[in-house]
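Novice: You'll find entry.txt just under this line, and it carries compact mmCIF, C-alpha atoms.
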```txt
# COMPACT_ATOMS: atom_id res chain seq x y z
CA MET A 207 22.48 -19.03 -43.97
CA HIS A 208 20.31 -17.59 -46.73
CA SER A 209 18.61 -20.93 -47.35
CA VAL A 210 17.62 -21.19 -43.67
CA GLN A 211 16.14 -17.69 -43.77
CA ARG A 212 14.23 -18.53 -46.96
CA LEU A 213 12.92 -21.72 -45.39
CA LEU A 214 11.74 -19.80 -42.31
CA LEU A 215 10.12 -17.14 -44.51
CA ALA A 216 8.38 -19.77 -46.66
CA SER A 217 7.17 -21.63 -43.54
CA SER A 218 5.76 -18.48 -41.98
CA LEU A 219 3.99 -17.58 -45.25
CA LEU A 220 2.38 -21.01 -45.36
CA LEU A 221 1.05 -20.47 -41.86
CA VAL A 222 -0.25 -16.96 -42.61
CA CYS A 223 -1.63 -17.48 -46.14
CA PRO A 224 -4.66 -19.61 -45.17
CA GLN A 225 -5.69 -16.89 -42.72
CA ILE A 226 -5.32 -14.27 -45.46
CA VAL A 227 -7.44 -16.37 -47.84
CA ILE A 228 -10.16 -16.85 -45.20
CA SER A 229 -10.10 -13.14 -44.39
CA GLN A 230 -10.37 -12.26 -48.09
CA GLU A 231 -13.30 -14.68 -48.53
CA THR A 232 -15.15 -13.12 -45.59
CA GLN A 233 -14.44 -9.67 -46.94
CA ARG A 234 -15.66 -10.61 -50.45
CA SER A 235 -18.92 -12.05 -49.13
CA GLN A 236 -19.48 -8.91 -47.04
CA GLN A 237 -18.89 -6.74 -50.12
CA ASN A 238 -21.30 -8.77 -52.24
CA LEU A 239 -24.61 -6.93 -52.10
CA TYR A 240 -26.57 -10.11 -52.84
CA ALA A 241 -24.94 -11.93 -49.92
CA SER A 242 -25.50 -8.94 -47.63
CA ALA A 243 -29.15 -8.70 -48.68
CA LEU A 244 -29.73 -12.46 -48.33
CA PHE A 245 -28.37 -12.80 -44.81
CA ALA A 246 -29.86 -9.51 -43.59
CA SER A 247 -33.23 -10.69 -44.94
CA LEU A 248 -32.91 -14.07 -43.24
CA ASP A 249 -32.07 -12.36 -39.96
CA LYS A 250 -35.06 -9.99 -40.18
CA MET A 251 -37.40 -12.80 -41.30
CA ALA A 252 -36.23 -15.04 -38.44
CA LYS A 253 -36.78 -12.27 -35.88
CA ASP A 254 -40.19 -11.19 -37.21
CA TRP A 255 -41.65 -14.45 -38.51
CA GLY A 256 -39.56 -17.23 -36.93
CA GLY A 257 -42.10 -17.87 -34.17
CA ILE A 258 -44.93 -18.51 -36.62
CA ASP A 259 -45.73 -22.17 -37.20
CA ASP A 260 -46.62 -22.19 -40.89
CA SER A 261 -46.57 -25.97 -41.20
CA SER A 262 -49.64 -27.92 -42.29
CA ASP A 263 -50.63 -31.31 -43.63
CA HIS A 264 -49.20 -30.27 -47.00
CA ALA A 265 -46.30 -27.94 -46.01
CA ILE A 266 -43.04 -28.11 -44.04
CA ARG A 267 -42.47 -25.42 -41.38
CA THR A 268 -40.12 -22.64 -42.50
CA ASP A 269 -36.77 -22.59 -40.72
CA TYR A 270 -35.14 -19.24 -41.51
CA HIS A 271 -31.83 -20.46 -40.06
CA ARG A 272 -31.67 -23.23 -42.66
CA MET A 273 -33.14 -22.06 -45.94
CA ILE A 274 -33.25 -23.33 -49.47
CA ILE A 275 -32.35 -20.79 -52.14
CA GLU A 276 -33.28 -21.23 -55.80
CA LYS A 277 -29.99 -21.54 -57.68
CA ASN A 278 -29.57 -19.09 -60.57
CA ASP A 279 -27.00 -16.70 -62.03
CA VAL A 280 -27.40 -14.30 -59.10
CA THR A 281 -26.55 -16.98 -56.53
CA GLU A 282 -23.28 -17.93 -58.23
CA ASN A 283 -20.43 -17.76 -55.68
CA LEU A 284 -22.63 -16.69 -52.74
CA PRO A 285 -21.63 -18.11 -49.34
CA GLU A 286 -23.50 -21.06 -47.85
CA SER A 287 -23.45 -19.71 -44.32
CA LEU A 288 -23.05 -16.61 -42.21
CA GLY A 289 -23.24 -16.73 -38.44
CA ALA A 290 -26.24 -18.83 -37.38
CA TYR A 291 -27.67 -18.98 -40.92
CA ARG A 292 -27.09 -21.82 -43.39
CA VAL A 293 -28.42 -21.89 -46.93
CA GLU A 294 -28.56 -24.52 -49.63
CA TYR A 295 -28.65 -23.55 -53.31
CA LEU A 296 -30.80 -25.94 -55.37
CA ASP A 297 -31.55 -25.94 -59.10
CA GLU A 298 -34.90 -27.10 -60.54
CA ASP A 299 -33.94 -30.78 -60.65
CA GLU A 300 -32.73 -30.66 -57.05
CA LEU A 301 -35.91 -28.86 -55.95
CA ILE A 302 -38.01 -31.56 -57.63
CA ALA A 303 -35.97 -34.30 -55.96
CA ARG A 304 -36.40 -32.61 -52.56
CA TYR A 305 -40.16 -32.30 -53.10
CA ARG A 306 -40.45 -35.96 -54.07
CA ASN A 307 -38.48 -36.92 -50.96
CA LEU A 308 -40.56 -34.76 -48.58
CA SER A 309 -43.94 -35.11 -50.35
CA LYS A 310 -44.84 -31.67 -48.98
CA GLU A 311 -44.47 -28.04 -50.05
CA PHE A 312 -41.48 -26.21 -48.64
CA ALA A 313 -40.22 -22.62 -48.55
CA VAL A 314 -37.72 -21.50 -51.18
CA LEU A 315 -36.13 -18.08 -51.43
CA ARG A 316 -35.56 -16.48 -54.81
CA ILE A 317 -33.08 -13.61 -55.06
CA HIS A 318 -34.13 -11.13 -57.73
CA PRO A 319 -31.67 -9.01 -59.72
CA ILE A 320 -30.60 -5.63 -58.36
CA THR A 321 -32.80 -2.69 -59.29
CA ASN A 322 -31.71 0.92 -59.53
CA ASN A 323 -33.98 3.23 -57.52
CA GLY A 324 -32.38 6.60 -58.23
CA VAL A 325 -29.44 6.98 -55.87
CA LYS A 326 -30.22 3.67 -54.17
CA LEU A 327 -29.97 0.04 -55.19
CA GLY A 328 -32.62 -2.47 -54.20
CA ILE A 329 -32.65 -6.25 -53.93
CA LYS A 330 -35.87 -8.21 -53.51
CA ILE A 331 -35.72 -11.60 -51.85
CA ALA A 332 -39.01 -13.45 -52.16
CA LEU A 333 -40.24 -16.51 -50.30
CA TYR A 334 -42.21 -19.00 -52.38
CA TRP A 335 -43.89 -22.26 -51.45
CA PHE A 336 -42.51 -24.84 -53.84
CA SER A 337 -44.36 -27.91 -55.09
CA TYR A 338 -44.14 -30.25 -58.05
CA LYS A 339 -47.31 -31.95 -59.23
CA LYS A 340 -48.29 -33.40 -62.59
CA LYS A 341 -44.86 -32.51 -64.00
CA THR A 342 -45.43 -28.82 -63.17
CA LEU A 343 -43.20 -26.66 -60.97
CA THR A 344 -45.20 -24.32 -58.75
CA PHE A 345 -43.74 -21.34 -56.93
CA ALA A 346 -46.52 -19.73 -54.84
CA LEU A 347 -45.47 -16.27 -53.65
CA SER A 348 -45.87 -15.81 -49.91
CA ASP A 349 -43.58 -13.14 -48.44
CA TRP A 350 -40.60 -10.99 -49.37
CA SER A 351 -38.01 -8.56 -48.21
CA ASN A 352 -36.77 -5.45 -49.97
CA VAL A 353 -33.24 -4.42 -49.09
CA GLU A 354 -31.98 -0.94 -49.99
CA PHE A 355 -28.37 0.21 -50.28
CA HIS A 356 -26.74 3.60 -50.84
CA TYR A 357 -23.16 4.38 -51.77
CA ASP A 358 -21.09 6.09 -49.07
CA CYS A 359 -18.53 8.25 -50.88
CA GLU A 360 -16.40 8.75 -47.78
CA LYS A 361 -16.14 5.05 -46.96
CA HIS A 362 -16.05 4.04 -50.65
CA LYS A 363 -18.54 1.24 -50.19
CA TRP A 364 -22.22 0.36 -50.37
CA MET A 365 -24.11 0.67 -47.11
CA MET A 366 -27.37 -1.07 -46.26
CA ASP A 367 -30.16 1.36 -45.46
CA GLU A 368 -33.00 -0.91 -44.46
CA VAL A 369 -34.67 -4.29 -44.78
CA LYS A 370 -38.44 -4.05 -45.29
CA LEU A 371 -40.60 -7.14 -45.04
CA GLY A 372 -43.85 -7.62 -46.89
CA GLY A 373 -46.32 -10.37 -47.60
CA ILE A 374 -49.59 -11.41 -49.06
```
With the file now loaded, output its structure as structure tokens.
Specialist:
Amino acid sequence: MHSVQRLLLASSLLLVCPQIVISQETQRSQQNLYASALFASLDKMAKDWGGIDDSSDHAIRTDYHRMIIEKNDVTENLPESLGAYRVEYLDEDELIARYRNLSKEFAVLRIHPITNNGVKLGIKIALYWFSYKKKTLTFALSDWSNVEFHYDCEKHKWMMDEVKLGGI
């Protein structure tokens, strides 16, 4: 009798555990300030700038729902999607390969390290136009977002205050 109960318990845990793991992953990405700042920035950029056709003979149009992110230490373990937004993390070699394949500049986001602004934390996410010519990487700054967070002592978590967009 005990072995049947154990088998039923083990079976039910196997069914529940994947849901727990998925829930924990979602929770972790929501608690990661970099992930929160990235996807909030993409959402704001898409709403404010998504209708602008920035393509040209030498540049690919920016699609804020499918963005390339420069891979670095900050992007380690960040999610590749949230809702309608998908991102791809590329290192320098992968960026060069993409440029050679497209033969045009394309938008790349760079997530900068967190800054401490008194009682608030800030994360800057900058949009650069990437190109590779004559064995030289070029990141031409175009636009950015500044995301601010404050710590809510009652909720015991960081809360996003605002997403401000800027540009040249």
Novice: Write out as lines of an AutoDock Vina configuration file an axis-aligned box for range 275-279 of chain A: all of its atoms listed in the file, 4 Å added on each side, centre and edge lengths in Å with one decimal.
Specialist:
```
center_x = -30.1
center_y = -19.1
center_z = -57.1
size_x = 14.3
size_y = 12.8
size_z = 17.9
```
Novice: Using all atoms listed in the file, which of the listed residues (A:Phe312, A:Met273, A:Asp297, A:Leu284) sits closest to Ala243 in chain A?
Specialist: A:Leu284
Novice: In Å, rounded to a single decimal, give me how far CA of Leu288 in chain A is from CA of Leu308 in chain A.
Specialist: 26.0 Å
Novice: What is the CA of Gly373 in chain A-CA of Asn238 in chain A distance in Å, reported with one decimal?
Specialist: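 Pair CA of Gly373 in chain A / CA of Asn238 in chain A returns 25.5 Å.
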Novice: Just to confirm, what's the straight-line distance from CA of Ile329 in chain A to CA of Asp299 in chain A in Å (one decimal)?
Specialist: 25.5 Å
Novice: Measuring between all atoms listed in the file, which one of A:Ala313, A:Ile258, A:Ala252, A:Ala290 shows the shortest distance to Ile274 in chain A?
Specialist: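 Closest to Ile274 in chain A, using all atoms listed in the file: A:Ala313.
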Novice: List every residue of range 299-341 of chain A that has an atom at most 8 Å from any atom of range 353-360 of chain A, giving for each one its closest atom pair and the distance in Å to one decimal, counting all atoms listed in the file, sorted by chain and then by ascending residue number, as a Markdown table.
Specialist:
```
| residue | atom | partner | partner_atom | distance |
| --- | --- | --- | --- | --- |
| A:Val325 | CA | A:His356 | CA | 6.6 |
| A:Lys326 | CA | A:His356 | CA | 4.8 |
| A:Leu327 | CA | A:Phe355 | CA | 5.2 |
| A:Gly328 | CA | A:Glu354 | CA | 4.5 |
| A:Ile329 | CA | A:Val353 | CA | 5.2 |
| A:Lys330 | CA | A:Val353 | CA | 6.4 |
```
Novice: What's around Arg267 in chain A at 12 Å? Count all atoms listed in the file, leave out sequence neighbours fewer than 4 positions away in its own chain, and write the answer as a PyMOL selection string.
Specialist: chain A and resi 255-263+271-273+308+310-314+335
Novice: Could those selected residues go to a file with C-alpha atoms, as a compact mmCIF listing (two decimals), in the frame of the given file?
Specialist:
```txt
# COMPACT_ATOMS: atom_id res chain seq x y z
CA TRP A 255 -41.65 -14.45 -38.51
CA GLY A 256 -39.56 -17.23 -36.93
CA GLY A 257 -42.10 -17.87 -34.17
CA ILE A 258 -44.93 -18.51 -36.62
CA ASP A 259 -45.73 -22.17 -37.20
CA ASP A 260 -46.62 -22.19 -40.89
CA SER A 261 -46.57 -25.97 -41.20
CA SER A 262 -49.64 -27.92 -42.29
CA ASP A 263 -50.63 -31.31 -43.63
CA HIS A 271 -31.83 -20.46 -40.06
CA ARG A 272 -31.67 -23.23 -42.66
CA MET A 273 -33.14 -22.06 -45.94
CA LEU A 308 -40.56 -34.76 -48.58
CA LYS A 310 -44.84 -31.67 -48.98
CA GLU A 311 -44.47 -28.04 -50.05
CA PHE A 312 -41.48 -26.21 -48.64
CA ALA A 313 -40.22 -22.62 -48.55
CA VAL A 314 -37.72 -21.50 -51.18
CA TRP A 335 -43.89 -22.26 -51.45
```
Novice: Taking only C-alpha atoms into account, name the residue in A:Asn322, A:Glu298, A:Leu315, A:Ser287 that is nearest to Thr342 in chain A.
Specialist: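 Of A:Asn322, A:Glu298, A:Leu315, A:Ser287, the one nearest Thr342 in chain A, counting only C-alpha atoms, is A:Glu298.
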Novice: Would you mind telling me which residue in A:Gln237, A:Lys363, A:Glu368, A:Ser337 lies nearest to Asn307 in chain A when using all atoms listed in the file?
Specialist: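 Under the stated criterion, the closest residue is A:Ser337.
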Novice: Would you mind telling me which residue in A:Leu239, A:Ile374, A:Leu343, A:Met366 lies nearest to His318 in chain A when using all atoms listed in the file?
Specialist: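 Counting all atoms listed in the file, the residue closest to His318 in chain A is A:Leu239.
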